[in-house]
>>> print(open('query-v3.cif').read())   # mmCIF, C-alpha atoms and all ligand atoms
data_structure
loop_
_atom_site.label_atom_id
_atom_site.label_comp_id
_atom_site.auth_asym_id
_atom_site.auth_seq_id
_atom_site.Cartn_x
_atom_site.Cartn_y
_atom_site.Cartn_z
CA MET A 1 137.62 148.92 50.80
CA LEU A 2 134.87 148.35 48.24
CA SER A 3 134.86 145.82 45.46
CA VAL A 4 131.88 145.54 43.12
CA LYS A 5 132.04 142.68 40.65
CA ASP A 6 129.74 142.06 37.69
CA LEU A 7 126.77 143.60 39.51
CA HIS A 8 123.37 143.10 37.93
CA VAL A 9 120.38 144.81 39.54
CA VAL A 10 116.72 144.60 38.65
CA VAL A 11 114.24 147.28 39.69
CA ASN A 12 110.54 146.81 39.03
CA GLY A 13 111.22 143.93 36.65
CA LYS A 14 113.76 145.89 34.61
CA GLU A 15 117.52 145.30 34.62
CA ILE A 16 119.13 148.65 35.47
CA LEU A 17 122.69 147.63 36.34
CA THR A 18 124.05 145.20 33.78
CA GLY A 19 127.45 144.04 34.99
CA LEU A 20 129.02 146.89 36.92
CA ASN A 21 132.61 146.61 38.16
CA LEU A 22 134.17 149.07 40.61
CA GLU A 23 137.20 148.87 42.93
CA ILE A 24 137.81 151.55 45.55
CA LYS A 25 140.89 151.46 47.77
CA PRO A 26 141.34 153.22 51.13
CA GLY A 27 142.38 156.85 50.71
CA GLU A 28 140.79 157.22 47.30
CA ILE A 29 138.07 159.55 46.09
CA HIS A 30 136.15 158.25 43.11
CA ALA A 31 133.69 160.24 41.07
CA LEU A 32 130.91 158.41 39.28
CA MET A 33 129.40 160.36 36.42
CA GLY A 34 126.93 159.49 33.72
CA PRO A 35 123.81 160.67 31.93
CA ASN A 36 120.42 160.84 33.61
CA GLY A 37 118.86 157.43 34.04
CA SER A 38 122.13 155.53 33.62
CA GLY A 39 121.79 153.88 37.05
CA LYS A 40 123.95 156.05 39.33
CA SER A 41 121.34 156.35 42.08
CA THR A 42 120.46 152.69 41.65
CA LEU A 43 124.04 151.81 42.58
CA SER A 44 123.92 153.99 45.71
CA LYS A 45 120.61 152.43 46.77
CA VAL A 46 121.93 148.90 46.34
CA LEU A 47 124.96 149.81 48.44
CA ALA A 48 122.60 151.23 51.09
CA GLY A 49 120.56 148.01 51.10
CA ARG A 50 117.21 149.23 49.76
CA GLU A 51 115.18 146.08 49.27
CA GLU A 52 113.30 147.04 46.09
CA TYR A 53 116.65 146.93 44.26
CA VAL A 54 117.21 143.23 43.59
CA VAL A 55 120.69 141.90 42.92
CA THR A 56 120.41 139.07 40.40
CA GLU A 57 124.10 138.49 39.74
CA GLY A 58 127.52 139.59 40.96
CA SER A 59 128.99 140.56 44.33
CA VAL A 60 129.81 143.51 46.55
CA THR A 61 132.61 143.16 49.09
CA TYR A 62 133.24 145.80 51.77
CA LYS A 63 136.37 145.44 53.93
CA GLY A 64 136.47 141.77 52.94
CA GLN A 65 132.87 140.98 53.90
CA ASP A 66 129.85 140.27 51.73
CA LEU A 67 128.12 143.65 51.92
CA LEU A 68 124.88 142.40 50.41
CA ALA A 69 124.42 139.99 53.33
CA LEU A 70 124.46 142.86 55.86
CA ALA A 71 121.30 144.64 57.02
CA PRO A 72 121.22 148.37 56.14
CA GLU A 73 121.76 149.48 59.76
CA VAL A 74 124.71 147.10 60.11
CA ARG A 75 126.28 148.67 57.01
CA ALA A 76 126.03 152.05 58.71
CA GLN A 77 127.50 150.67 61.94
CA GLN A 78 130.38 149.22 59.94
CA GLY A 79 131.28 152.68 58.71
CA ILE A 80 129.34 153.25 55.51
CA PHE A 81 127.75 156.69 55.21
CA MET A 82 125.17 157.35 52.56
CA ALA A 83 123.95 160.78 51.53
CA PHE A 84 120.95 160.65 49.26
CA GLN A 85 119.67 163.00 46.61
CA TYR A 86 116.50 163.54 48.64
CA PRO A 87 117.05 163.44 52.43
CA VAL A 88 114.20 162.47 54.72
CA GLU A 89 112.38 165.11 56.77
CA ILE A 90 111.61 164.28 60.40
CA PRO A 91 109.30 167.02 61.67
CA GLY A 92 109.12 167.23 65.45
CA VAL A 93 112.58 165.77 66.00
CA ASN A 94 115.22 168.26 67.04
CA ASN A 95 118.30 168.12 64.81
CA THR A 96 120.83 168.24 67.68
CA TYR A 97 119.07 165.31 69.34
CA PHE A 98 118.99 163.41 66.04
CA LEU A 99 122.69 163.94 65.32
CA GLN A 100 123.66 162.96 68.87
CA MET A 101 121.57 159.75 68.66
CA ALA A 102 123.04 158.89 65.25
CA LEU A 103 126.60 159.45 66.46
CA ASN A 104 126.10 157.50 69.69
CA ALA A 105 124.60 154.53 67.84
CA ILE A 106 127.71 154.40 65.64
CA ARG A 107 130.06 154.92 68.59
CA LYS A 108 128.38 152.08 70.44
CA ALA A 109 128.83 149.80 67.42
CA ARG A 110 132.52 150.79 67.30
CA GLY A 111 132.90 149.95 70.99
CA GLU A 112 133.40 153.61 71.94
CA ALA A 113 131.80 155.37 74.89
CA GLU A 114 128.64 157.35 74.18
CA LEU A 115 128.93 161.12 74.34
CA ASN A 116 126.79 163.11 76.77
CA SER A 117 125.13 166.31 75.59
CA LEU A 118 127.96 168.53 76.78
CA ALA A 119 130.67 166.47 75.06
CA PHE A 120 128.53 166.21 71.94
CA MET A 121 128.00 169.99 71.77
CA ARG A 122 131.73 170.54 72.11
CA LEU A 123 132.40 168.13 69.24
CA VAL A 124 129.65 169.51 67.02
CA ARG A 125 130.95 173.06 67.50
CA ASP A 126 134.45 171.96 66.43
CA LYS A 127 133.05 170.33 63.32
CA LEU A 128 130.91 173.36 62.48
CA LYS A 129 133.95 175.57 62.79
CA ALA A 130 136.01 173.35 60.48
CA LEU A 131 133.21 173.46 57.92
CA GLU A 132 132.72 177.23 58.37
CA MET A 133 129.06 176.72 59.24
CA ASP A 134 126.96 178.38 61.92
CA GLU A 135 124.86 176.71 64.61
CA SER A 136 121.42 177.70 63.38
CA LEU A 137 120.64 174.30 61.80
CA LEU A 138 121.03 172.53 65.14
CA LYS A 139 117.91 174.08 66.64
CA ARG A 140 115.64 173.11 63.74
CA TYR A 141 113.66 169.93 63.14
CA VAL A 142 115.53 167.38 60.99
CA ASN A 143 115.42 168.61 57.38
CA ALA A 144 111.94 170.10 57.90
CA GLY A 145 111.58 173.04 55.56
CA PHE A 146 115.31 173.03 54.86
CA SER A 147 116.39 174.64 51.61
CA GLY A 148 118.55 172.58 49.26
CA GLY A 149 121.64 174.31 50.61
CA GLU A 150 120.62 173.74 54.25
CA MET A 151 120.02 170.03 53.60
CA LYS A 152 123.50 169.82 52.09
CA ARG A 153 125.03 171.59 55.10
CA ASN A 154 123.24 169.24 57.45
CA GLU A 155 124.24 166.16 55.52
CA ILE A 156 127.88 167.19 55.42
CA LEU A 157 127.80 168.00 59.14
CA GLN A 158 126.33 164.55 59.77
CA MET A 159 129.06 162.96 57.65
CA THR A 160 131.90 164.76 59.41
CA LEU A 161 130.47 163.81 62.82
CA LEU A 162 130.14 160.12 61.96
CA GLU A 163 133.63 159.89 60.42
CA PRO A 164 132.73 157.03 58.06
CA SER A 165 135.19 154.63 56.42
CA LEU A 166 133.30 154.80 53.16
CA ALA A 167 131.15 157.77 52.25
CA ILE A 168 128.82 157.62 49.29
CA LEU A 169 127.33 160.92 48.15
CA ASP A 170 124.60 160.87 45.55
CA GLU A 171 124.32 164.44 44.36
CA THR A 172 121.27 166.02 42.81
CA ASP A 173 121.50 166.54 39.09
CA SER A 174 120.42 170.14 39.46
CA GLY A 175 119.33 172.78 41.91
CA LEU A 176 122.50 173.14 43.93
CA ASP A 177 124.09 176.55 43.87
CA ILE A 178 127.83 177.14 43.97
CA ASP A 179 127.77 177.72 47.75
CA ALA A 180 126.17 174.32 48.33
CA LEU A 181 128.67 172.64 46.01
CA LYS A 182 131.49 174.28 47.94
CA ILE A 183 130.06 172.95 51.20
CA VAL A 184 129.93 169.42 49.84
CA ALA A 185 133.47 169.80 48.55
CA ARG A 186 134.71 171.17 51.89
CA GLY A 187 133.15 168.19 53.66
CA VAL A 188 134.75 165.72 51.28
CA ASN A 189 138.13 167.46 51.36
CA THR A 190 138.05 167.71 55.19
CA LEU A 191 137.36 164.00 55.49
CA ARG A 192 139.97 162.87 52.98
CA SER A 193 142.38 160.54 54.78
CA PRO A 194 144.46 157.44 54.00
CA GLU A 195 141.99 155.19 55.86
CA ARG A 196 138.85 156.56 54.25
CA ALA A 197 137.33 156.25 50.79
CA MET A 198 134.64 158.27 49.09
CA LEU A 199 132.38 157.78 46.11
CA VAL A 200 130.90 161.00 44.78
CA ILE A 201 128.08 160.50 42.32
CA THR A 202 127.26 163.44 40.12
CA HIS A 203 125.71 164.31 36.81
CA TYR A 204 127.77 167.46 36.34
CA GLN A 205 131.45 168.25 36.24
CA ARG A 206 130.94 171.46 38.29
CA LEU A 207 131.29 169.71 41.65
CA LEU A 208 134.68 168.36 40.57
CA ASP A 209 136.00 171.91 40.26
CA TYR A 210 136.21 171.79 44.07
CA ILE A 211 136.92 168.11 44.75
CA GLU A 212 139.92 166.39 43.21
CA PRO A 213 138.92 162.82 42.51
CA ASP A 214 141.63 160.18 42.11
CA VAL A 215 139.51 158.28 39.62
CA VAL A 216 136.57 159.32 37.43
CA HIS A 217 134.17 156.70 36.05
CA VAL A 218 131.47 157.02 33.45
CA LEU A 219 128.35 154.92 33.88
CA SER A 220 126.33 154.24 30.78
CA GLY A 221 123.69 151.61 30.12
CA GLY A 222 124.13 150.11 33.59
CA LYS A 223 127.87 149.54 33.59
CA ILE A 224 131.07 151.53 33.88
CA VAL A 225 132.24 152.09 30.33
CA MET A 226 135.18 154.41 30.92
CA SER A 227 137.52 155.29 33.79
CA GLY A 228 140.32 157.81 34.01
CA ASP A 229 141.85 160.55 36.08
CA LYS A 230 140.26 163.95 36.76
CA SER A 231 140.95 165.09 33.21
CA LEU A 232 138.23 162.68 32.07
CA ALA A 233 135.65 164.86 33.86
CA LEU A 234 136.85 167.92 31.96
CA GLU A 235 136.77 166.03 28.68
CA LEU A 236 133.18 164.94 29.44
CA GLU A 237 132.19 168.51 30.20
CA ALA A 238 133.63 169.68 26.90
CA LYS A 239 132.41 166.83 24.68
CA GLY A 240 129.26 165.59 26.43
CA TYR A 241 128.15 162.05 27.18
CA GLY A 242 127.39 161.47 23.49
CA TRP A 243 131.15 161.35 22.92
CA VAL A 244 131.43 158.28 25.21
CA GLN A 245 128.50 156.62 23.48
CA ASP A 246 129.93 157.27 20.00
CA GLY A 247 133.29 155.84 21.06
CA LEU A 248 131.61 152.67 22.33
CA GLU A 249 129.65 152.24 19.11
CA GLN A 250 132.79 152.65 17.00
CA ALA A 251 134.62 150.11 19.13
CA ALA A 252 131.78 147.60 18.80
P1 LIG A 301 120.57 158.11 37.57
O1 LIG A 301 120.75 158.29 39.04
O2 LIG A 301 121.82 157.74 36.85
O3 LIG A 301 119.88 159.27 36.93
P2 LIG A 301 118.71 156.03 38.36
O4 LIG A 301 119.51 154.98 39.02
O5 LIG A 301 117.94 156.96 39.23
O6 LIG A 301 119.61 156.84 37.33
O7 LIG A 301 117.66 155.34 37.38
C1 LIG A 301 118.07 154.38 36.40
C2 LIG A 301 116.82 153.79 35.77
O8 LIG A 301 116.16 152.98 36.73
C3 LIG A 301 115.81 154.80 35.29
O9 LIG A 301 115.25 154.31 34.09
C4 LIG A 301 114.78 154.82 36.41
O10 LIG A 301 113.52 155.17 35.94
C5 LIG A 301 114.83 153.39 36.91
N1 LIG A 301 114.49 153.28 38.32
C6 LIG A 301 115.29 153.62 39.35
N2 LIG A 301 114.67 153.43 40.53
C7 LIG A 301 113.45 152.95 40.23
C8 LIG A 301 112.32 152.53 41.01
N3 LIG A 301 112.34 152.58 42.36
N4 LIG A 301 111.23 152.09 40.35
C9 LIG A 301 111.21 152.04 39.01
N5 LIG A 301 112.22 152.41 38.22
C10 LIG A 301 113.33 152.86 38.81
MG MG A 302 118.66 160.85 37.91
MG MG A 303 120.47 159.83 40.35
#
>>> encode(input="query-v3.cif", output="structure tokens")
Amino acid sequence: MLSVKDLHVVVNGKEILTGLNLEIKPGEIHALMGPNGSGKSTLSKVLAGREEYVVTEGSVTYKGQDLLALAPEVRAQQGIFMAFQYPVEIPGVNNTYFLQMALNAIRKARGEAELNSLAFMRLVRDKLKALEMDESLLKRYVNAGFSGGEMKRNEILQMTLLEPSLAILDETDSGLDIDALKIVARGVNTLRSPERAMLVITHYQRLLDYIEPDVVHVLSGGKIVMSGDKSLALELEAKGYGWVQDGLEQAA
């Protein structure tokens, strides 16, 4: 599904990713952890195609194609969903309208028929029910004045509507309460399927109390320095990131 090889990325003249390798197969959920400033969000932005993040070396392959050669909107059409730490507000645009447009653009790219408002509302109500959410967010403007928890709900609703092949969630390092974490987890767990892969980026182990990742990676100094199963996340929580750093220094 996703293959990142020896990725080097420069932001503002500074090398932030320094040879990152990551392989994600269909059906897998990977968690990417690491201290603040280690480059987690930089990776998600490169995968999204943000142009200020310059790839100087390495490759990213998605479903066998060179991902870096695809325009950001084409990446989305090809089934990549990206949830950012700080979602964009679009005052004046009704959320139902926005979600319907987003879904129909993707459906069109997949060669599927567009949904009319009635069919869309039926679908959105099913998804809301599965996520145990109410309809109140639909009537609001996109993210305008949303609380952290409401933004999360909206993002997860968007993700479950779009049914991506590869979902990349870059979680805030703080400020999410347990309810919001549970919503994210419910979204991820609902979408888990043999054809779909997910990369969950998080600073804290807490989120992984509700999501069972197949693989946990630790990013440090711009590359993945340790990978393991979910027990690695618990070990990190107990011992802190300093433990990884000390281990690397001893090995060097
Ligand atoms: P993380 O998500 O792991 O906390 P980031 O990827 O956000 O880390 O940041 C990694 C490093 O890159 C930090 O030193 C940060 O200041 C820098 N950085 C990231 N984005 C930018 C940017 N747009 N301009 C300048 N520096 C950036
Ligand atoms: Mg950060
Ligand atoms: Mg970050």
>>> residues_around(input="query-v3.cif", residues="Gly149 of chain A", least_positions_apart="3", cutoff="8 Å", atoms="all atoms listed in the file", output="PyMOL selection string")
chain A and resi 146+152-153+176-177+179-180
>>> residues_around(input="query-v3.cif", residues="segment 17-21 of chain A", least_positions_apart="6", cutoff="7 Å", atoms="only C-alpha atoms", output="list in words")
Val4, Lys5, Asp6, Leu7, His8, Val9, Gly39, Gly222, Lys223 and Ile224 of chain A
>>> residues_around(input="query-v3.cif", residues="Ser136 of chain A", least_positions_apart="4", cutoff="12 Å", atoms="only C-alpha atoms", output="list in words")
Asn94, Asn95, Thr96, Arg125, Leu128, Arg140, Tyr141, Phe146, Glu150, Arg153 and Asn154 of chain A
>>> write_last_selection(input="query-v3.cif", atoms="C-alpha atoms", output="compact mmCIF listing (two decimals), in the coordinates of the input")
# COMPACT_ATOMS: atom_id res chain seq x y z
CA ASN A 94 115.22 168.26 67.04
CA ASN A 95 118.30 168.12 64.81
CA THR A 96 120.83 168.24 67.68
CA ARG A 125 130.95 173.06 67.50
CA LEU A 128 130.91 173.36 62.48
CA ARG A 140 115.64 173.11 63.74
CA TYR A 141 113.66 169.93 63.14
CA PHE A 146 115.31 173.03 54.86
CA GLU A 150 120.62 173.74 54.25
CA ARG A 153 125.03 171.59 55.10
CA ASN A 154 123.24 169.24 57.45
>>> residues_around(input="query-v3.cif", residues="Glu171 of chain A", least_positions_apart="4", cutoff="9 Å", atoms="all atoms listed in the file", output="PyMOL selection string")
chain A and resi 41+83-86+176+200-203
>>> closest_residue(input="query-v3.cif", among="A:Gln65, A:Glu57, A:Val216, A:Gln158", to="Leu236 of chain A", atoms="only C-alpha atoms")
A:Val216
>>> atom_distance(input="query-v3.cif", atom1="atom CA of Ala197 of chain A", atom2="atom CA of Glu163 of chain A")
10.9 Å
>>> axis_aligned_box(input="query-v3.cif", around="segment 56-71 of chain A", padding_each_side="3 Å", output="lines of an AutoDock Vina configuration file")
center_x = 128.4
center_y = 142.1
center_z = 48.4
size_x = 22.1
size_y = 13.3
size_z = 23.3
>>> residues_near_ligand(input="query-v3.cif", ligand="ligand MG 302 (chain A)", cutoff="8 Å", atoms="all atoms listed in the file", output="PyMOL selection string")
chain A and resi 35-41+172-173+203
>>> closest_residue(input="query-v3.cif", among="A:Glu132, A:Glu112, A:Glu23, A:Glu51", to="ligand LIG 301 (chain A)", atoms="all atoms listed in the file")
A:Glu51
>>> residues_around(input="query-v3.cif", residues="Ser231 of chain A", least_positions_apart="2", cutoff="12 Å", atoms="all atoms listed in the file", output="list in words")
Ala31, Gln205, Leu208, Asp209, Glu212, Pro213, Asp214, Val215, Val216, His217, Ser227, Gly228, Asp229, Ala233, Leu234, Glu235, Leu236, Glu237 and Ala238 of chain A
>>> closest_residue(input="query-v3.cif", among="A:Val93, A:Ile178, A:Met33, A:Val11", to="ligand MG 303 (chain A)", atoms="only C-alpha atoms and all ligand atoms")
A:Met33
>>> atom_distance(input="query-v3.cif", atom1="atom O5 of ligand LIG 301 (chain A)", atom2="atom CA of Ala167 of chain A")
18.6 Å
>>> residues_near_point(input="query-v3.cif", point="(137.7, 156.5, 51.4)", cutoff="6 Å", atoms="only C-alpha atoms", output="PyMOL selection string")
chain A and resi 26-28+165-166+196-198
>>> write_last_selection(input="query-v3.cif", atoms="C-alpha atoms", output="compact mmCIF listing (two decimals), in the coordinates of the input")
# COMPACT_ATOMS: atom_id res chain seq x y z
CA PRO A 26 141.34 153.22 51.13
CA GLY A 27 142.38 156.85 50.71
CA GLU A 28 140.79 157.22 47.30
CA SER A 165 135.19 154.63 56.42
CA LEU A 166 133.30 154.80 53.16
CA ARG A 196 138.85 156.56 54.25
CA ALA A 197 137.33 156.25 50.79
CA MET A 198 134.64 158.27 49.09
>>> atom_distance(input="query-v3.cif", atom1="atom O4 of ligand LIG 301 (chain A)", atom2="atom CA of Asp170 of chain A")
10.2 Å
>>> decode(input="query-v3.cif", residues="segment 134-161 of chain A", atoms="N, CA and C atoms", output="mmCIF file, in the first residue's frame")
data_model
loop_
_atom_site.group_PDB
_atom_site.id
_atom_site.type_symbol
_atom_site.label_atom_id
_atom_site.label_comp_id
_atom_site.auth_asym_id
_atom_site.auth_seq_id
_atom_site.Cartn_x
_atom_site.Cartn_y
_atom_site.Cartn_z
ATOM 1 N N ASP A 134 -24.513 12.470 16.851
ATOM 2 C CA ASP A 134 -25.785 13.059 16.440
ATOM 3 C C ASP A 134 -25.592 13.979 15.229
ATOM 4 N N GLU A 135 -26.718 14.521 14.744
ATOM 5 C CA GLU A 135 -26.698 15.241 13.464
ATOM 6 C C GLU A 135 -26.327 16.712 13.574
ATOM 7 N N SER A 136 -26.133 17.181 14.804
ATOM 8 C CA SER A 136 -26.022 18.635 14.992
ATOM 9 C C SER A 136 -24.877 19.280 14.182
ATOM 10 N N LEU A 137 -23.783 18.535 13.984
ATOM 11 C CA LEU A 137 -22.640 19.115 13.263
ATOM 12 C C LEU A 137 -22.945 19.409 11.801
ATOM 13 N N LEU A 138 -23.939 18.709 11.254
ATOM 14 C CA LEU A 138 -24.225 18.846 9.824
ATOM 15 C C LEU A 138 -24.736 20.238 9.470
ATOM 16 N N LYS A 139 -25.437 20.870 10.409
ATOM 17 C CA LYS A 139 -26.079 22.148 10.117
ATOM 18 C C LYS A 139 -25.116 23.326 10.278
ATOM 19 N N ARG A 140 -23.954 23.077 10.834
ATOM 20 C CA ARG A 140 -23.000 24.156 11.122
ATOM 21 C C ARG A 140 -22.155 24.480 9.890
ATOM 22 N N TYR A 141 -21.405 25.593 9.980
ATOM 23 C CA TYR A 141 -20.404 25.902 8.965
ATOM 24 C C TYR A 141 -19.179 25.043 9.227
ATOM 25 N N VAL A 142 -18.447 24.690 8.168
ATOM 26 C CA VAL A 142 -17.323 23.754 8.274
ATOM 27 C C VAL A 142 -16.287 24.207 9.302
ATOM 28 N N ASN A 143 -16.204 23.468 10.378
ATOM 29 C CA ASN A 143 -15.226 23.689 11.457
ATOM 30 C C ASN A 143 -15.292 25.049 12.148
ATOM 31 N N ALA A 144 -16.208 25.924 11.737
ATOM 32 C CA ALA A 144 -16.235 27.274 12.297
ATOM 33 C C ALA A 144 -16.697 27.226 13.753
ATOM 34 N N GLY A 145 -15.835 27.642 14.644
ATOM 35 C CA GLY A 145 -16.152 27.646 16.059
ATOM 36 C C GLY A 145 -16.294 26.254 16.664
ATOM 37 N N PHE A 146 -15.840 25.241 15.957
ATOM 38 C CA PHE A 146 -15.928 23.875 16.499
ATOM 39 C C PHE A 146 -14.952 23.735 17.659
ATOM 40 N N SER A 147 -15.364 23.034 18.691
ATOM 41 C CA SER A 147 -14.443 22.677 19.766
ATOM 42 C C SER A 147 -13.517 21.582 19.235
ATOM 43 N N GLY A 148 -12.462 21.314 19.984
ATOM 44 C CA GLY A 148 -11.533 20.247 19.580
ATOM 45 C C GLY A 148 -12.268 18.927 19.344
ATOM 46 N N GLY A 149 -13.178 18.610 20.252
ATOM 47 C CA GLY A 149 -13.922 17.356 20.135
ATOM 48 C C GLY A 149 -14.844 17.342 18.919
ATOM 49 N N GLU A 150 -15.461 18.507 18.629
ATOM 50 C CA GLU A 150 -16.348 18.592 17.453
ATOM 51 C C GLU A 150 -15.554 18.458 16.149
ATOM 52 N N MET A 151 -14.369 19.077 16.109
ATOM 53 C CA MET A 151 -13.519 18.931 14.915
ATOM 54 C C MET A 151 -13.171 17.469 14.683
ATOM 55 N N LYS A 152 -12.846 16.785 15.768
ATOM 56 C CA LYS A 152 -12.517 15.351 15.683
ATOM 57 C C LYS A 152 -13.696 14.564 15.134
ATOM 58 N N ARG A 153 -14.895 14.832 15.699
ATOM 59 C CA ARG A 153 -16.092 14.131 15.242
ATOM 60 C C ARG A 153 -16.294 14.353 13.750
ATOM 61 N N ASN A 154 -16.129 15.595 13.333
ATOM 62 C CA ASN A 154 -16.362 15.941 11.940
ATOM 63 C C ASN A 154 -15.354 15.262 11.017
ATOM 64 N N GLU A 155 -14.120 15.247 11.474
ATOM 65 C CA GLU A 155 -13.047 14.639 10.691
ATOM 66 C C GLU A 155 -13.273 13.133 10.539
ATOM 67 N N ILE A 156 -13.698 12.506 11.622
ATOM 68 C CA ILE A 156 -13.920 11.061 11.585
ATOM 69 C C ILE A 156 -15.148 10.745 10.727
ATOM 70 N N LEU A 157 -16.166 11.613 10.803
ATOM 71 C CA LEU A 157 -17.335 11.442 9.938
ATOM 72 C C LEU A 157 -16.916 11.541 8.467
ATOM 73 N N GLN A 158 -16.103 12.556 8.185
ATOM 74 C CA GLN A 158 -15.596 12.746 6.823
ATOM 75 C C GLN A 158 -14.831 11.498 6.357
ATOM 76 N N MET A 159 -13.993 10.981 7.227
ATOM 77 C CA MET A 159 -13.198 9.800 6.879
ATOM 78 C C MET A 159 -14.086 8.587 6.603
ATOM 79 N N THR A 160 -15.097 8.375 7.431
ATOM 80 C CA THR A 160 -15.937 7.188 7.224
ATOM 81 C C THR A 160 -16.811 7.335 5.976
ATOM 82 N N LEU A 161 -17.147 8.577 5.616
ATOM 83 C CA LEU A 161 -17.913 8.791 4.382
ATOM 84 C C LEU A 161 -17.058 8.512 3.148
#
